[in-house]
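Structure first, then comments.
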Amino acid sequence: MIAEIIIQTVPGRAAAVAERLTWGALQVLGGDGDHRLNAVWHCPDGATLEGFSEAVRALDPEIVAISPSYVRIDDVG
């Protein structure tokens, strides 16, 4: 699964959050310079966007919400 997501941060903290989001499976594409980031997440098999969102929000208190804007699920069967 590939998900394009919007990450909403505490106002004024998008740049700081983007610097911390340096994982191989997550690529920050840009943002509004204040409280929103646009990113792409390449999900491992069996992963869910909900689980990813909960884990990331638990690790970074400056992330307020994560919302999908596009999701592609590869059909292997």
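Simple scheme: letters A, B, ... for chains in structure tokens order, numbers from 1 for residues in each chain, numbers from 1 for ligands in the order shown.
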
Close residues, region 6-10 of chain A itself excluded, 12 Å, only C-alpha atoms, min 5 positions apart in chain, as a count of residues only
37

Apply DSSP to the structure's backbone, then extract all residues of chain A labelled strand (DSSP E or B) and return them as a PyMOL selection string.
chain A and resi 2-9+26-31+36-42+63-72

Create the file for the chosen residues now, containing C-alpha atoms and written as an mmCIF file, in the first residue's frame.
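Written out: again16.cif:
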data_model
loop_
_atom_site.group_PDB
_atom_site.id
_atom_site.type_symbol
_atom_site.label_atom_id
_atom_site.label_comp_id
_atom_site.auth_asym_id
_atom_site.auth_seq_id
_atom_site.Cartn_x
_atom_site.Cartn_y
_atom_site.Cartn_z
ATOM 1 C CA ILE A 2 1.114 3.514 -0.747
ATOM 2 C CA ALA A 3 -0.572 6.364 1.078
ATOM 3 C CA GLU A 4 -0.257 10.064 0.489
ATOM 4 C CA ILE A 5 -1.015 11.719 3.798
ATOM 5 C CA ILE A 6 -1.523 15.133 5.333
ATOM 6 C CA ILE A 7 0.164 15.540 8.712
ATOM 7 C CA GLN A 8 -1.249 18.335 10.851
ATOM 8 C CA THR A 9 1.074 19.664 13.544
ATOM 9 C CA LEU A 26 8.116 7.928 4.842
ATOM 10 C CA GLN A 27 8.971 10.795 2.524
ATOM 11 C CA VAL A 28 7.928 14.350 3.389
ATOM 12 C CA LEU A 29 7.122 16.153 0.131
ATOM 13 C CA GLY A 30 6.433 19.642 1.447
ATOM 14 C CA GLY A 31 4.098 21.672 3.567
ATOM 15 C CA ARG A 36 0.634 21.021 7.578
ATOM 16 C CA LEU A 37 2.936 18.545 5.869
ATOM 17 C CA ASN A 38 2.340 16.449 2.774
ATOM 18 C CA ALA A 39 4.040 13.055 2.831
ATOM 19 C CA VAL A 40 4.051 9.647 1.157
ATOM 20 C CA TRP A 41 4.228 6.441 3.188
ATOM 21 C CA HIS A 42 5.183 3.142 1.550
ATOM 22 C CA ILE A 63 1.573 15.859 15.554
ATOM 23 C CA VAL A 64 -2.124 16.607 15.939
ATOM 24 C CA ALA A 65 -3.616 14.445 13.167
ATOM 25 C CA ILE A 66 -2.737 12.311 10.152
ATOM 26 C CA SER A 67 -5.232 12.063 7.299
ATOM 27 C CA PRO A 68 -4.991 10.137 4.038
ATOM 28 C CA SER A 69 -5.409 12.086 0.823
ATOM 29 C CA TYR A 70 -4.705 9.142 -1.505
ATOM 30 C CA VAL A 71 -4.319 5.407 -0.859
ATOM 31 C CA ARG A 72 -3.330 2.736 -3.370
#

For the structure I just gave you, how does DSSP split chain A - specifically, which residues are helix (DSSP H, G or I)? Reply as a PyMOL selection string.
chain A and resi 14-20+49-59

One decimal place gives the CA of Glu19 (chain A)-CA of Glu54 (chain A) separation as 19.2 Å

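Take CA of Trp23 (chain A) and CA of Asp45 (chain A): the distance between them is 16.6 Å.
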
Figure out the distance between CA of Ala58 (chain A) and CA of Ile73 (chain A), please, to one decimal in Å.
25.1 Å
